[in-house]
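Undergrad: So that you have it, the file is input_36.cif, and it contains mmCIF, C-alpha atoms:
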data_start
loop_
_atom_site.label_atom_id
_atom_site.label_comp_id
_atom_site.auth_asym_id
_atom_site.auth_seq_id
_atom_site.Cartn_x
_atom_site.Cartn_y
_atom_site.Cartn_z
CA MET A 297 -2.03 -15.36 -10.87
CA ALA A 298 -5.41 -14.89 -9.18
CA VAL A 299 -8.58 -14.88 -11.31
CA HIS A 300 -11.67 -13.20 -9.86
CA ALA A 301 -15.14 -12.43 -11.16
CA HIS A 302 -15.59 -8.89 -9.82
CA PRO A 303 -13.69 -6.16 -7.99
CA GLY A 304 -13.65 -6.95 -4.25
CA PRO A 305 -13.14 -10.69 -3.76
CA GLU A 306 -9.46 -10.38 -4.68
CA SER A 307 -9.08 -8.62 -1.32
CA THR A 308 -11.50 -10.53 0.92
CA ASN A 309 -10.78 -13.98 -0.52
CA THR A 310 -7.12 -13.83 -1.58
CA GLY A 311 -5.77 -10.50 -0.32
CA GLY A 312 -3.52 -12.26 2.15
CA ILE A 313 -1.69 -14.46 -0.34
CA LEU A 314 -1.39 -11.66 -2.90
CA ALA A 315 0.27 -9.35 -0.36
CA HIS A 316 2.23 -12.19 1.27
CA TYR A 317 3.88 -13.35 -1.94
CA ALA A 318 4.31 -9.86 -3.39
CA ARG A 319 6.22 -9.00 -0.22
CA GLN A 320 8.50 -11.98 -0.89
CA GLY A 321 9.29 -10.75 -4.39
CA VAL A 322 6.92 -13.01 -6.31
CA ARG A 323 5.36 -11.39 -9.37
CA VAL A 324 1.60 -11.12 -8.73
CA VAL A 325 -0.94 -10.96 -11.55
CA LEU A 326 -4.61 -10.21 -10.88
CA VAL A 327 -7.25 -10.98 -13.51
CA THR A 328 -10.74 -9.50 -12.99
CA CYS A 329 -13.40 -10.81 -15.36
CA THR A 330 -16.28 -8.33 -15.03
CA ASP A 331 -16.83 -4.64 -14.46
CA GLY A 332 -19.03 -5.13 -11.38
CA GLN A 333 -21.66 -2.74 -12.75
CA LEU A 334 -24.49 -4.50 -10.90
CA GLY A 335 -22.97 -3.81 -7.52
CA THR A 336 -24.21 -1.19 -5.08
CA GLY A 337 -24.56 2.29 -6.54
CA ALA A 338 -24.53 5.80 -5.10
CA GLU A 339 -26.30 6.21 -1.75
CA GLY A 340 -26.67 2.45 -1.53
CA ALA A 341 -28.89 2.13 -4.59
CA ALA A 342 -29.36 -1.44 -5.81
CA PRO A 343 -29.58 -2.33 -9.51
CA GLY A 344 -32.87 -1.15 -10.95
CA GLN A 345 -33.44 1.46 -8.24
CA ASP A 346 -33.36 5.21 -8.74
CA GLY A 347 -29.81 6.48 -8.52
CA HIS A 348 -28.19 3.30 -9.76
CA ASP A 349 -26.07 4.07 -12.82
CA PRO A 350 -24.33 0.88 -13.99
CA SER A 351 -21.63 2.78 -15.89
CA ALA A 352 -20.83 4.95 -12.87
CA VAL A 353 -20.77 1.89 -10.61
CA ALA A 354 -18.34 0.15 -12.94
CA GLU A 355 -16.07 3.20 -13.06
CA THR A 356 -16.06 3.51 -9.27
CA ARG A 357 -15.33 -0.16 -8.78
CA ARG A 358 -12.45 -0.10 -11.26
CA ALA A 359 -10.87 2.76 -9.32
CA GLU A 360 -11.39 0.88 -6.04
CA LEU A 361 -9.87 -2.25 -7.56
CA ARG A 362 -6.75 -0.37 -8.61
CA ALA A 363 -6.43 1.13 -5.13
CA ALA A 364 -6.83 -2.30 -3.54
CA GLY A 365 -4.21 -3.73 -5.89
CA GLU A 366 -1.75 -1.06 -4.79
CA HIS A 367 -2.28 -2.00 -1.15
CA LEU A 368 -1.69 -5.66 -1.97
CA GLY A 369 1.35 -5.12 -4.17
CA VAL A 370 -0.22 -6.43 -7.38
CA HIS A 371 2.21 -6.03 -10.26
CA HIS A 372 -0.14 -6.57 -13.21
CA LEU A 373 -3.90 -5.98 -13.32
CA GLU A 374 -5.78 -7.48 -16.26
CA LEU A 375 -9.41 -6.42 -16.81
CA LEU A 376 -11.35 -8.71 -19.15
CA GLY A 377 -14.25 -6.24 -19.27
CA TYR A 378 -17.23 -8.59 -19.27
CA ARG A 379 -20.60 -7.40 -17.99
CA ASP A 380 -21.60 -8.31 -14.46
CA SER A 381 -24.35 -10.97 -14.54
CA GLY A 382 -25.86 -10.04 -11.18
CA MET A 383 -27.01 -12.34 -8.42
CA ASP A 384 -30.49 -12.99 -9.85
CA ALA A 385 -30.77 -16.48 -11.30
CA ALA A 386 -32.59 -15.06 -14.33
CA GLY A 387 -30.20 -12.13 -14.67
CA PRO A 388 -30.01 -9.61 -17.52
CA PRO A 389 -28.96 -11.09 -20.89
CA GLY A 390 -25.43 -10.57 -22.15
CA GLY A 391 -23.73 -11.01 -18.82
CA PHE A 392 -20.51 -12.82 -18.13
CA ARG A 393 -22.20 -16.14 -17.43
CA ASP A 394 -23.71 -16.07 -20.94
CA VAL A 395 -20.26 -16.02 -22.52
CA PRO A 396 -19.15 -19.55 -23.49
CA VAL A 397 -16.70 -21.00 -21.00
CA GLU A 398 -14.41 -21.89 -23.89
CA GLU A 399 -14.15 -18.25 -24.94
CA VAL A 400 -13.30 -17.07 -21.44
CA ALA A 401 -10.85 -19.94 -20.97
CA ALA A 402 -9.08 -18.93 -24.18
CA ARG A 403 -8.64 -15.35 -22.93
CA ILE A 404 -7.39 -16.48 -19.53
CA GLY A 405 -5.19 -19.05 -21.26
CA ALA A 406 -3.62 -16.29 -23.34
CA LEU A 407 -2.72 -14.47 -20.12
CA VAL A 408 -1.29 -17.67 -18.68
CA GLU A 409 0.83 -17.98 -21.84
CA ARG A 410 1.99 -14.37 -21.45
CA TYR A 411 2.79 -14.36 -17.74
CA ARG A 412 3.54 -18.09 -17.28
CA PRO A 413 2.48 -18.22 -13.61
CA GLN A 414 3.69 -21.10 -11.47
CA VAL A 415 0.53 -20.88 -9.33
CA VAL A 416 -3.03 -19.99 -10.34
CA VAL A 417 -5.81 -19.33 -7.82
CA THR A 418 -9.54 -18.91 -8.40
CA TYR A 419 -12.87 -19.85 -6.80
CA ASP A 420 -14.25 -23.27 -5.99
CA PRO A 421 -16.75 -24.18 -8.77
CA GLU A 422 -18.48 -26.57 -6.38
CA VAL A 423 -19.58 -23.69 -4.11
CA HIS A 424 -22.63 -21.95 -5.57
CA TYR A 425 -22.47 -18.35 -4.37
CA HIS A 426 -22.58 -16.18 -7.50
CA PRO A 427 -22.96 -17.39 -11.10
CA ASP A 428 -20.03 -15.26 -12.23
CA HIS A 429 -17.78 -16.84 -9.60
CA THR A 430 -18.62 -20.31 -10.86
CA HIS A 431 -18.11 -19.23 -14.48
CA ALA A 432 -14.71 -17.69 -13.68
CA ALA A 433 -13.64 -20.82 -11.81
CA LEU A 434 -14.62 -23.21 -14.60
CA ALA A 435 -12.92 -21.08 -17.25
CA THR A 436 -9.76 -20.72 -15.19
CA GLN A 437 -9.50 -24.43 -14.48
CA GLN A 438 -9.95 -25.14 -18.19
CA ALA A 439 -7.23 -22.63 -19.06
CA VAL A 440 -4.84 -24.24 -16.57
CA ARG A 441 -5.50 -27.71 -18.01
CA GLU A 442 -5.23 -26.62 -21.63
CA THR A 443 -2.04 -24.62 -21.26
CA GLY A 444 -0.42 -27.02 -18.79
CA ILE A 445 1.87 -24.19 -17.75
CA PRO A 446 1.11 -23.67 -14.03
CA ALA A 447 2.74 -26.10 -11.64
CA LYS A 448 -0.17 -25.76 -9.22
CA GLY A 449 -3.78 -24.60 -9.20
CA TYR A 450 -5.95 -23.75 -6.21
CA SER A 451 -9.55 -22.95 -5.30
CA VAL A 452 -10.47 -20.56 -2.49
CA ALA A 453 -11.87 -22.55 0.44
CA LEU A 454 -14.21 -20.52 2.65
CA GLY A 455 -15.95 -23.19 4.67
CA ALA A 456 -18.11 -23.48 7.76
CA ALA A 457 -15.22 -22.78 10.15
CA TYR A 458 -14.39 -19.50 8.38
CA TRP A 459 -17.96 -18.19 8.36
CA THR A 460 -18.50 -19.23 11.97
CA GLU A 461 -15.43 -17.26 13.08
CA ILE A 462 -16.51 -14.18 11.11
CA HIS A 463 -19.97 -14.32 12.66
CA ASP A 464 -18.57 -14.77 16.15
CA ALA A 465 -16.21 -11.81 15.68
CA ALA A 466 -19.18 -9.65 14.64
CA VAL A 467 -21.14 -10.79 17.69
CA ARG A 468 -18.25 -9.92 20.01
CA ALA A 469 -18.08 -6.48 18.39
CA GLY A 470 -21.80 -6.00 19.00
CA LEU A 471 -22.55 -5.85 15.28
CA ARG A 472 -24.72 -8.96 15.00
CA GLU A 473 -27.04 -10.90 17.25
CA ASP A 474 -25.65 -14.11 18.71
CA GLY A 475 -28.75 -16.04 17.70
CA GLY A 476 -28.43 -14.98 14.08
CA ARG A 477 -25.94 -17.62 13.05
CA PRO A 478 -27.43 -20.51 11.09
CA GLY A 479 -25.91 -23.94 11.42
CA PRO A 480 -23.21 -24.66 8.82
CA GLY A 481 -24.71 -26.06 5.63
CA ALA A 482 -23.58 -29.30 4.08
CA GLU A 483 -21.79 -27.45 1.27
CA ALA A 484 -19.76 -25.36 3.75
CA ARG A 485 -18.86 -28.41 5.83
CA GLN A 486 -17.70 -30.19 2.69
CA VAL A 487 -15.39 -27.28 1.91
CA ASP A 488 -13.71 -27.71 5.30
CA ASP A 489 -13.21 -31.40 4.56
CA ARG A 490 -11.50 -30.62 1.23
CA ILE A 491 -8.97 -28.03 2.46
CA THR A 492 -5.41 -28.98 1.52
CA THR A 493 -3.49 -25.77 2.10
CA ILE A 494 -3.38 -23.17 4.87
CA VAL A 495 -1.22 -20.07 4.41
CA ASP A 496 -0.33 -17.82 7.35
CA VAL A 497 -0.79 -14.23 6.16
CA ALA A 498 -0.89 -12.51 9.54
CA GLU A 499 2.15 -10.38 8.76
CA VAL A 500 0.32 -8.67 5.87
CA LEU A 501 -3.07 -8.39 7.59
CA ALA A 502 -2.91 -4.58 7.59
CA ARG A 503 -2.47 -4.59 3.82
CA LYS A 504 -5.39 -6.98 3.42
CA GLN A 505 -7.50 -4.76 5.66
CA ALA A 506 -6.65 -1.64 3.63
CA ALA A 507 -7.49 -3.45 0.39
CA ILE A 508 -10.87 -4.62 1.70
CA LEU A 509 -11.76 -1.14 2.91
CA ALA A 510 -10.71 0.32 -0.46
CA HIS A 511 -13.92 -1.15 -1.88
CA ALA A 512 -15.91 1.42 0.08
CA SER A 513 -18.82 1.69 -2.36
CA GLN A 514 -19.80 -1.92 -1.74
CA ILE A 515 -19.47 -2.08 2.05
CA ARG A 516 -20.18 1.49 3.21
CA GLY A 517 -22.50 1.50 6.22
CA THR A 518 -22.58 -2.29 6.57
CA TRP A 519 -21.56 -4.42 9.52
CA ILE A 520 -18.70 -5.67 7.35
CA GLU A 521 -17.21 -2.17 7.11
CA ARG A 522 -17.66 -1.60 10.84
CA LEU A 523 -16.09 -4.94 11.71
CA PHE A 524 -13.15 -4.71 9.33
CA SER A 525 -12.45 -1.09 10.27
CA ARG A 526 -11.55 -2.32 13.75
CA GLU A 527 -9.02 -4.93 14.68
CA MET A 528 -9.25 -7.60 11.99
CA PRO A 529 -10.68 -10.98 13.04
CA ALA A 530 -7.90 -13.51 13.56
CA VAL A 531 -9.40 -15.84 10.95
CA LEU A 532 -8.43 -13.33 8.23
CA GLY A 533 -4.79 -13.86 9.15
CA ARG A 534 -4.83 -17.26 7.54
CA GLU A 535 -6.18 -18.27 4.15
CA THR A 536 -7.36 -21.73 3.18
CA TYR A 537 -7.27 -23.35 -0.25
CA ILE A 538 -8.00 -26.58 -2.08
CA ARG A 539 -5.28 -27.78 -4.42
CA THR A 540 -6.94 -28.77 -7.70
CA TRP A 541 -3.98 -29.06 -10.08
CA ASP A 542 -0.45 -30.20 -9.34
CA ARG A 543 2.72 -30.99 -11.23
CA SER A 544 5.03 -30.28 -8.28
CA GLY A 545 4.56 -33.47 -6.31
CA ALA A 546 4.51 -31.50 -3.05
CA PRO A 547 2.98 -33.56 -0.21
CA LEU A 548 -0.30 -32.59 1.40
CA PRO A 549 -1.30 -30.89 3.61
CA GLU A 550 0.86 -27.85 2.90
CA ARG A 551 1.33 -24.31 4.18
CA ASP A 552 2.81 -22.65 1.11
CA LEU A 553 1.35 -22.32 -2.39
CA PHE A 554 4.88 -22.60 -3.75
CA ALA A 555 5.79 -25.76 -1.86
CA GLY A 556 7.53 -28.16 -4.20
CA ILE A 557 8.19 -25.49 -6.83
CA ARG A 558 11.20 -23.56 -5.55
CA ALA A 559 14.16 -25.17 -3.90
CA ASP A 560 13.96 -22.87 -0.87
CA ARG A 561 10.36 -23.91 -0.14
CA ALA A 562 9.70 -27.14 1.72
#
As structure tokens, how would this structure be written, given the file I've shared?

TA:
Amino acid sequence: MAVHAHPGPESTNTGGILAHYARQGVRVVLVTCTDGQLGTGAEGAAPGQDGHDPSAVAETRRAELRAAGEHLGVHHLELLGYRDSGMDAAGPPGGFRDVPVEEVAARIGALVERYRPQVVVTYDPEVHYHPDHTHAALATQQAVRETGIPAKGYSVALGAAYWTEIHDAAVRAGLREDGGRPGPGAEARQVDDRITTIVDVAEVLARKQAAILAHASQIRGTWIERLFSREMPAVLGRETYIRTWDRSGAPLPERDLFAGIRADRA
């Protein structure tokens, strides 16, 4: 089970493992917490600009999410239907981040009870990118602890090494200036230091690519679309995670989210 805040990150952050394990016959459940209505609208309109219709954005992003899920082999898609909080620290009232963590954890916990996943993946609550990502991560980790059902829990680990490789790939493709890369921040370097698990997903990279590009409304015309429409950067052929919950006893480091769970996995 993968729990994400909005449509899109399921493909960029975890598309490799979702496709990788679906291909192996593992049942894959994707939980998306918000409708993404504060994403990019028609003709690139940002929230609050002319042409930005939150309801239309949400409808488009739901359709893109379903298309991405088909590329990745997702078996069950669960939409919690919360309102996107937006990136602004003040944000509009009534967004996902305003919902008590306990309430969200109870809903995710009910899905854990229903599907009984052996592995649950979400964001790293220690990385402050988007308030809804942090909220989803905290609620998911609480649901895992309270149900006690999953054997293992993981946080996505996109650290300094990952972002450096993405930047360098864009520079080689002529899409970004070489001097535009800032030095890795302390938070990103700390993510690298905490990585416990690296999964090789190169064999499903085409599926991951198709899923990322399915979210066309959010990347159309950007360097991301131009880069990912070409040969995918090698860094996207491996995904890195931090193990945060474990009842399997599998030794670290590991190269399989199911290590220690099934007899055929070392």

Undergrad: Counting all atoms listed in the file, which residue out of A:Asp331, A:Glu355, A:Glu499, A:Asp349 sits closest to Arg379 of chain A?

TA: A:Asp331

Undergrad: So that I can see what lies close to Arg410 of chain A, please list as number ranges by chain the residues with an atom at most 12 Å from it, counting only C-alpha atoms and leaving out residues fewer than 5 positions away in the same chain.

TA: A: 297, 325, 372, 374, 403-405, 443, 445-446

Undergrad: Could those residues be written to a file, using C-alpha atoms, as a short mmCIF file (atom, residue, chain, number, x, y, z; two decimals), keeping the file's coordinate frame?

TA:
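This is the output file part_37.cif:
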data_model
loop_
_atom_site.label_atom_id
_atom_site.label_comp_id
_atom_site.auth_asym_id
_atom_site.auth_seq_id
_atom_site.Cartn_x
_atom_site.Cartn_y
_atom_site.Cartn_z
CA MET A 297 -2.03 -15.36 -10.87
CA VAL A 325 -0.94 -10.96 -11.55
CA HIS A 372 -0.14 -6.57 -13.21
CA GLU A 374 -5.78 -7.48 -16.26
CA ARG A 403 -8.64 -15.35 -22.93
CA ILE A 404 -7.39 -16.48 -19.53
CA GLY A 405 -5.19 -19.05 -21.26
CA THR A 443 -2.04 -24.62 -21.26
CA ILE A 445 1.87 -24.19 -17.75
CA PRO A 446 1.11 -23.67 -14.03
#

Undergrad: Which residues come within 10 Å of Ala466 of chain A, counting only C-alpha atoms, excluding same-chain residues fewer than 5 positions away, as a short mmCIF file (atom, residue, chain, number, x, y, z; two decimals) with C-alpha atoms, in the frame of the given file?

TA:
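Output saved as around-v3.cif:
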data_model
loop_
_atom_site.label_atom_id
_atom_site.label_comp_id
_atom_site.auth_asym_id
_atom_site.auth_seq_id
_atom_site.Cartn_x
_atom_site.Cartn_y
_atom_site.Cartn_z
CA THR A 460 -18.50 -19.23 11.97
CA GLU A 461 -15.43 -17.26 13.08
CA LEU A 471 -22.55 -5.85 15.28
CA ARG A 472 -24.72 -8.96 15.00
CA GLU A 473 -27.04 -10.90 17.25
CA ASP A 474 -25.65 -14.11 18.71
CA TRP A 519 -21.56 -4.42 9.52
CA ILE A 520 -18.70 -5.67 7.35
CA ARG A 522 -17.66 -1.60 10.84
CA LEU A 523 -16.09 -4.94 11.71
CA PHE A 524 -13.15 -4.71 9.33
CA PRO A 529 -10.68 -10.98 13.04
#

Undergrad: Work out how far atom CA of Gly340 of chain A is from atom CA of Arg516 of chain A, in Å to one decimal.

TA: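 So the answer is 8.1 Å.
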
Undergrad: Please evaluate the PyMOL selection byres ((chain A and resi 530) around 9) against the structure above and give the resulting residues as a VMD selection string.

TA: chain A and resid 461 to 462 465 498 527 to 529 531 to 534

Undergrad: Counting only C-alpha atoms, find the residues whose atoms lie at most 12 Å from (-16.9, -19.2, -22.9) (file coordinates) and write them out as a compact mmCIF listing (two decimals) with C-alpha atoms, in the coordinates of the input.

TA:
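What ended up in part24.txt:
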# COMPACT_ATOMS: atom_id res chain seq x y z
CA CYS A 329 -13.40 -10.81 -15.36
CA TYR A 378 -17.23 -8.59 -19.27
CA GLY A 391 -23.73 -11.01 -18.82
CA PHE A 392 -20.51 -12.82 -18.13
CA ARG A 393 -22.20 -16.14 -17.43
CA ASP A 394 -23.71 -16.07 -20.94
CA VAL A 395 -20.26 -16.02 -22.52
CA PRO A 396 -19.15 -19.55 -23.49
CA VAL A 397 -16.70 -21.00 -21.00
CA GLU A 398 -14.41 -21.89 -23.89
CA GLU A 399 -14.15 -18.25 -24.94
CA VAL A 400 -13.30 -17.07 -21.44
CA ALA A 401 -10.85 -19.94 -20.97
CA ALA A 402 -9.08 -18.93 -24.18
CA ARG A 403 -8.64 -15.35 -22.93
CA ILE A 404 -7.39 -16.48 -19.53
CA GLY A 405 -5.19 -19.05 -21.26
CA ASP A 428 -20.03 -15.26 -12.23
CA HIS A 431 -18.11 -19.23 -14.48
CA ALA A 432 -14.71 -17.69 -13.68
CA ALA A 433 -13.64 -20.82 -11.81
CA LEU A 434 -14.62 -23.21 -14.60
CA ALA A 435 -12.92 -21.08 -17.25
CA THR A 436 -9.76 -20.72 -15.19
CA GLN A 438 -9.95 -25.14 -18.19
CA ALA A 439 -7.23 -22.63 -19.06

Undergrad: Can you list what the PyMOL selection byres ((chain A and resi 303) around 9) grabs from this structure, as a VMD selection string?

TA: chain A and resid 300 to 302 304 to 307 328 to 332 357 to 358 360 to 361 511

Undergrad: Could you tell me which of A:Ile491, A:Ala546, A:Leu373, A:Gln514 comes closest to Val353 of chain A if we count only C-alpha atoms?

TA: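 Among the listed residues, the smallest separation from Val353 of chain A belongs to A:Gln514.
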
Undergrad: Counting all atoms listed in the file, figure out which residue out of A:Ala555, A:Gln437, A:Arg526, A:Ala456 gets nearest to Ala506 of chain A.

TA: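 Of A:Ala555, A:Gln437, A:Arg526, A:Ala456, the one nearest Ala506 of chain A, counting all atoms listed in the file, is A:Arg526.
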
Undergrad: Between A:Glu535, A:Pro427, A:Ala453, A:Gly347, which one has atoms that come closest to Gly312 of chain A, using only C-alpha atoms?

TA: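 Going through A:Glu535, A:Pro427, A:Ala453, A:Gly347 one by one, the smallest distance to Gly312 of chain A is for A:Glu535.
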